[in-house]
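**Student:** Next up is a structure, given as structure tokens.
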Amino acid sequence: MAIRILIVEDEKSIARGLAFNLRQEGYDVAVAHTGQEALERFGREPADLVLLDLMLPDMDGLAVCRSLRRESTVPILMVTARDREMDKVVGLEVGADDYITKPFGIPELLARVKAALRRASVPATGATPRLVAGGVVLDSDTHSVEVGGRPVVLRPKEFELLRALMSQPGRVWRREDLFAQVWSDVDFIERGTLDVHIRWLREKVEEDPGHPERIITIRGVGYKFVP
Ligand code: CA
């Protein structure tokens, strides 16, 4: 699956140029022209990296950055103008990973993008130490989970299941794939196991387990985690 990059840039010609060059490199590219659009888009289909222009018409790029950071650990590469030195400092403070100053060349951009992705890359086994989404914090190092700031105790398989779901917020998991991620393919004979664990998990991470808002059932397909 191609690495997905979300470009947030209001100047359409610049956005088009960036999208073209990133697609040439094999990235899957989405473009948002406003801060609001960026947040909506990211909520719908998370990206592997966000290229965020700080000068946006509707809201400050820093506010967009802060907002993304509340939901996700996605690498954020800020685009700043040369005369706005302060933005860099504040940008890094609110959670951006790196910045690039306009005007910049495509080779520099590609190098920064690759570096940010490399820093963020994690083994497929899901060794990301800390996942934050939808008011849930999952820490793999300490094997602990907090929901709305309150610690909850999970069984090992519940923990693995939540980690898989949270590692890709918004992804619709086929039941088989989710099962294979946490157990092993051959064990899928016991189909009820997944659903039982989902039910247990909801009792711990949902305000109202009967009406889940985080772990959602997609009928006929499987499950997804909504941040
Ligand atoms: Ca702009």
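Following the order of the structure tokens, chains are lettered A, B, ..., residues in each are numbered from 1, and ligands are numbered from 1.
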How close does chain A get to ligand 1? List, as CSV, each residue of chain A within 9 Å, its nearest atom pair and the distance in Å to one decimal, counting only C-alpha atoms and all ligand atoms.

**Tutor:**
```
residue,atom,partner,partner_atom_place_in_ligand_line,distance
A:Val8,CA,ligand 1,1 (Ca),8.5
A:Glu9,CA,ligand 1,1 (Ca),5.4
A:Asp10,CA,ligand 1,1 (Ca),5.0
A:Glu11,CA,ligand 1,1 (Ca),5.7
A:Ile14,CA,ligand 1,1 (Ca),8.9
A:His33,CA,ligand 1,1 (Ca),8.7
A:Asp53,CA,ligand 1,1 (Ca),5.6
A:Leu54,CA,ligand 1,1 (Ca),6.5
A:Met55,CA,ligand 1,1 (Ca),4.2
A:Leu56,CA,ligand 1,1 (Ca),4.8
A:Pro57,CA,ligand 1,1 (Ca),7.3
A:Val79,CA,ligand 1,1 (Ca),8.7
A:Thr80,CA,ligand 1,1 (Ca),8.8
```

**Student:** Can I get the selection written as an mmCIF file, in the first residue's frame, with C-alpha atoms?

**Tutor:**
```
data_model
loop_
_atom_site.group_PDB
_atom_site.id
_atom_site.type_symbol
_atom_site.label_atom_id
_atom_site.label_comp_id
_atom_site.auth_asym_id
_atom_site.auth_seq_id
_atom_site.Cartn_x
_atom_site.Cartn_y
_atom_site.Cartn_z
ATOM 1 C CA VAL A 8 -2.676 21.350 3.316
ATOM 2 C CA GLU A 9 -2.135 24.382 1.113
ATOM 3 C CA ASP A 10 -4.590 27.091 0.068
ATOM 4 C CA GLU A 11 -2.672 28.270 -2.987
ATOM 5 C CA ILE A 14 1.418 25.380 -5.274
ATOM 6 C CA HIS A 33 -7.220 23.828 0.718
ATOM 7 C CA ASP A 53 1.215 25.278 5.277
ATOM 8 C CA LEU A 54 0.922 27.642 8.231
ATOM 9 C CA MET A 55 -0.722 30.480 6.301
ATOM 10 C CA LEU A 56 -4.260 29.318 5.646
ATOM 11 C CA PRO A 57 -7.328 31.445 4.905
ATOM 12 C CA VAL A 79 5.672 24.890 5.667
ATOM 13 C CA THR A 80 6.604 28.382 6.862
#
```

**Student:** Might you pull out every residue within 8 Å of Ala81 in chain A, with only C-alpha atoms counted and same-chain residues fewer than 6 positions away left off, and present them as a tab-separated table (two decimals) with N, CA and C atoms, in the first residue's frame?

**Tutor:**
```
chain	number	residue	atom	x	y	z
A	101	THR	N	11.14	25.87	4.85
A	101	THR	CA	10.88	27.28	4.62
A	101	THR	C	10.65	27.56	3.14
A	102	LYS	N	9.57	28.31	2.87
A	102	LYS	CA	9.28	28.74	1.50
A	102	LYS	C	10.24	29.85	1.10
A	103	PRO	N	10.73	29.94	-0.10
A	103	PRO	CA	10.53	28.95	-1.17
A	103	PRO	C	11.54	27.82	-1.03
```

**Student:** When you count only C-alpha atoms, which of these residues is closest to Tyr27 in chain A: A:Val137, A:Leu110, A:Glu71, A:Ala120?

**Tutor:**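 Ranking A:Val137, A:Leu110, A:Glu71, A:Ala120 by distance to Tyr27 in chain A, first place goes to A:Leu110.
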
**Student:** Counting only C-alpha atoms, which residues in range 16-134 of chain A sit no more than 7 Å from range 157-171 of chain A? For each one, give the nearest pair of atoms and the distance in Å, sorted by chain then residue number, as CSV.

**Tutor:**
```
residue,atom,partner,partner_atom,distance
A:Arg44,CA,A:Gly170,CA,6.6
A:Glu45,CA,A:Gly170,CA,6.5
A:Leu131,CA,A:Met166,CA,6.8
A:Ala133,CA,A:Met166,CA,6.8
```

**Student:** Quick one: pick out all strand (DSSP E) residues within range 34-79 of chain A from a backbone DSSP run and write them as a PyMOL selection string.

**Tutor:** chain A and resi 49-53+76-79

**Student:** Which residue is closest to Arg219 in chain A? Choose from A:Arg174, A:Arg155, A:Arg23, A:Lys204 and count only C-alpha atoms.

**Tutor:** A:Arg174

**Student:** Nearest residue to Trp183 in chain A out of A:Arg199, A:Val113, A:Arg4, A:Pro156, using only C-alpha atoms?

**Tutor:**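 Looking only at the distances to Trp183 in chain A, the closest residue turns out to be A:Pro156.
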
**Student:** Could you please write out, as JSON, numbers by chain, every residue of range 122-202 of chain A that DSSP assigns to helix (DSSP H, G or I)?

**Tutor:** {"A": [156, 157, 158, 159, 160, 161, 162, 163, 164, 165, 166, 167, 175, 176, 177, 178, 179, 180, 181, 182, 185, 186, 187, 188, 189, 192, 193, 194, 195, 196, 197, 198, 199, 200, 201, 202]}

**Student:** What separation in Å, quoted to one decimal, exists between CA of Ser67 in chain A and CA of Trp173 in chain A?

**Tutor:**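 According to the coordinates, CA of Ser67 in chain A and CA of Trp173 in chain A are separated by 25.3 Å.
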
**Student:** Mind giving me the straight-line distance from CA of Asp60 in chain A to CA of Glu93 in chain A in Å, one decimal?

**Tutor:**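 That distance, rounded to one decimal, is 14.6 Å.
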
**Student:** Compile the contact shell of range 213-217 of chain A as a PDB file with N, CA and C atoms, in the first residue's frame: residues with an atom at most 9 Å away, counting only C-alpha atoms, same-chain residues fewer than 6 positions apart removed.

**Tutor:**
```pdb
ATOM      1  N   GLY A 134      -8.947   9.473  20.036  1.00  0.00           N
ATOM      2  CA  GLY A 134     -10.308   9.406  20.586  1.00  0.00           C
ATOM      3  C   GLY A 134     -10.376   9.402  22.100  1.00  0.00           C
ATOM      4  N   LEU A 162      -6.862  -3.683  20.904  1.00  0.00           N
ATOM      5  CA  LEU A 162      -7.003  -2.223  20.935  1.00  0.00           C
ATOM      6  C   LEU A 162      -5.824  -1.561  20.220  1.00  0.00           C
ATOM      7  N   LEU A 165      -6.357  -1.813  16.486  1.00  0.00           N
ATOM      8  CA  LEU A 165      -7.402  -0.883  16.039  1.00  0.00           C
ATOM      9  C   LEU A 165      -6.905   0.561  16.063  1.00  0.00           C
ATOM     10  N   ILE A 198     -14.054  -8.120  21.485  1.00  0.00           N
ATOM     11  CA  ILE A 198     -14.549  -6.772  21.169  1.00  0.00           C
ATOM     12  C   ILE A 198     -15.555  -6.346  22.236  1.00  0.00           C
ATOM     13  N   LEU A 201     -13.738  -5.483  25.381  1.00  0.00           N
ATOM     14  CA  LEU A 201     -12.999  -4.230  25.190  1.00  0.00           C
ATOM     15  C   LEU A 201     -13.947  -3.034  25.294  1.00  0.00           C
ATOM     16  N   ARG A 202     -15.123  -3.158  24.689  1.00  0.00           N
ATOM     17  CA  ARG A 202     -16.095  -2.056  24.739  1.00  0.00           C
ATOM     18  C   ARG A 202     -16.526  -1.762  26.172  1.00  0.00           C
ATOM     19  N   VAL A 205     -13.608   0.503  27.349  1.00  0.00           N
ATOM     20  CA  VAL A 205     -13.208   1.770  26.708  1.00  0.00           C
ATOM     21  C   VAL A 205     -14.388   2.604  26.201  1.00  0.00           C
ATOM     22  N   GLU A 206     -15.602   2.085  26.342  1.00  0.00           N
ATOM     23  CA  GLU A 206     -16.755   2.859  25.885  1.00  0.00           C
ATOM     24  C   GLU A 206     -17.506   3.427  27.091  1.00  0.00           C
ATOM     25  N   GLU A 207     -18.020   4.653  26.927  1.00  0.00           N
ATOM     26  CA  GLU A 207     -18.863   5.258  27.968  1.00  0.00           C
ATOM     27  C   GLU A 207     -20.120   4.396  28.136  1.00  0.00           C
ATOM     28  N   TYR A 223     -14.734  -4.303  11.940  1.00  0.00           N
ATOM     29  CA  TYR A 223     -14.721  -3.248  12.945  1.00  0.00           C
ATOM     30  C   TYR A 223     -13.823  -2.103  12.543  1.00  0.00           C
ATOM     31  N   LYS A 224     -14.083  -0.942  13.152  1.00  0.00           N
ATOM     32  CA  LYS A 224     -13.120   0.149  13.013  1.00  0.00           C
ATOM     33  C   LYS A 224     -13.063   0.966  14.283  1.00  0.00           C
ATOM     34  N   PHE A 225     -11.927   1.624  14.497  1.00  0.00           N
ATOM     35  CA  PHE A 225     -11.744   2.515  15.640  1.00  0.00           C
ATOM     36  C   PHE A 225     -11.941   3.941  15.160  1.00  0.00           C
ATOM     37  N   VAL A 226     -12.873   4.658  15.808  1.00  0.00           N
ATOM     38  CA  VAL A 226     -13.147   6.043  15.422  1.00  0.00           C
ATOM     39  C   VAL A 226     -12.464   6.978  16.425  1.00  0.00           C
ATOM     40  N   PRO A 227     -11.521   7.823  15.980  1.00  0.00           N
ATOM     41  CA  PRO A 227     -10.806   8.676  16.936  1.00  0.00           C
ATOM     42  C   PRO A 227     -11.699   9.800  17.481  1.00  0.00           C
TER      43      PRO A 227
END
```

**Student:** Tell me which of A:Gly135, A:Arg112, A:Ile218, A:Val152 sits closest to Glu203 in chain A, counting only C-alpha atoms.

**Tutor:**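 That would be A:Val152, the residue with the smallest distance to Glu203 in chain A.
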
**Student:** Need to verify the contact set: Val29 in chain A, 9 Å, only C-alpha atoms, exclusion of same-chain residues closer than 2 positions in sequence. Can you return it as a ChimeraX atom specification?

**Tutor:** /A:3-7,19-20,22-23,27,31,47

**Student:** Go through A:Gly35, A:Asp139, A:Ile106, A:Gln24 and flag the residue nearest Leu62 in chain A, using only C-alpha atoms for the distances.

**Tutor:** A:Gly35

**Student:** Which polymer residues have any atom within 8 Å of an atom of Leu39 in chain A, counting only C-alpha atoms, with same-chain residues fewer than 3 positions away left out, as a list in words?

**Tutor:**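 Returned residues: Gly35, Gln36, Phe42, Gly43, Val64, Ser67 and Leu68 of chain A.
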
**Student:** Go ahead and write the residues just picked, all heavy atoms, as an mmCIF file, in the first residue's frame.

**Tutor:**
```cif
data_model
loop_
_atom_site.group_PDB
_atom_site.id
_atom_site.type_symbol
_atom_site.label_atom_id
_atom_site.label_comp_id
_atom_site.auth_asym_id
_atom_site.auth_seq_id
_atom_site.Cartn_x
_atom_site.Cartn_y
_atom_site.Cartn_z
ATOM 1 N N GLY A 35 -7.956 24.749 6.527
ATOM 2 C CA GLY A 35 -7.686 24.016 7.763
ATOM 3 C C GLY A 35 -8.828 23.078 8.110
ATOM 4 O O GLY A 35 -8.619 21.929 8.504
ATOM 5 N N GLN A 36 -10.038 23.601 7.955
ATOM 6 C CA GLN A 36 -11.220 22.808 8.267
ATOM 7 C C GLN A 36 -11.275 21.551 7.391
ATOM 8 O O GLN A 36 -11.506 20.452 7.873
ATOM 9 C CB GLN A 36 -12.479 23.672 8.052
ATOM 10 C CG GLN A 36 -13.733 23.092 8.671
ATOM 11 C CD GLN A 36 -13.565 22.792 10.161
ATOM 12 O OE1 GLN A 36 -12.971 23.593 10.898
ATOM 13 N NE2 GLN A 36 -14.031 21.635 10.609
ATOM 14 N N PHE A 42 -8.604 14.357 7.319
ATOM 15 C CA PHE A 42 -7.751 13.494 8.134
ATOM 16 C C PHE A 42 -8.601 12.571 9.006
ATOM 17 O O PHE A 42 -8.246 11.423 9.239
ATOM 18 C CB PHE A 42 -6.806 14.324 9.001
ATOM 19 C CG PHE A 42 -5.759 13.497 9.677
ATOM 20 C CD1 PHE A 42 -4.606 13.117 8.995
ATOM 21 C CD2 PHE A 42 -5.915 13.066 10.981
ATOM 22 C CE1 PHE A 42 -3.650 12.326 9.613
ATOM 23 C CE2 PHE A 42 -4.960 12.277 11.605
ATOM 24 C CZ PHE A 42 -3.820 11.912 10.918
ATOM 25 N N GLY A 43 -9.730 13.107 9.495
ATOM 26 C CA GLY A 43 -10.634 12.298 10.315
ATOM 27 C C GLY A 43 -11.215 11.139 9.523
ATOM 28 O O GLY A 43 -11.418 10.054 10.041
ATOM 29 N N VAL A 64 -4.377 24.030 13.403
ATOM 30 C CA VAL A 64 -4.582 22.760 12.698
ATOM 31 C C VAL A 64 -3.622 21.714 13.259
ATOM 32 O O VAL A 64 -3.995 20.582 13.554
ATOM 33 C CB VAL A 64 -4.350 22.921 11.179
ATOM 34 C CG1 VAL A 64 -4.492 21.584 10.472
ATOM 35 C CG2 VAL A 64 -5.321 23.944 10.593
ATOM 36 N N SER A 67 -4.592 20.572 16.688
ATOM 37 C CA SER A 67 -5.776 19.745 16.597
ATOM 38 C C SER A 67 -5.435 18.329 16.099
ATOM 39 O O SER A 67 -5.922 17.329 16.644
ATOM 40 C CB SER A 67 -6.738 20.426 15.626
ATOM 41 O OG SER A 67 -8.022 20.046 15.864
ATOM 42 N N LEU A 68 -4.577 18.256 15.100
ATOM 43 C CA LEU A 68 -4.145 16.944 14.600
ATOM 44 C C LEU A 68 -3.421 16.182 15.700
ATOM 45 O O LEU A 68 -3.596 14.977 15.870
ATOM 46 C CB LEU A 68 -3.193 17.117 13.412
ATOM 47 C CG LEU A 68 -3.790 17.548 12.076
ATOM 48 C CD1 LEU A 68 -2.682 17.868 11.088
ATOM 49 C CD2 LEU A 68 -4.695 16.459 11.514
#
```
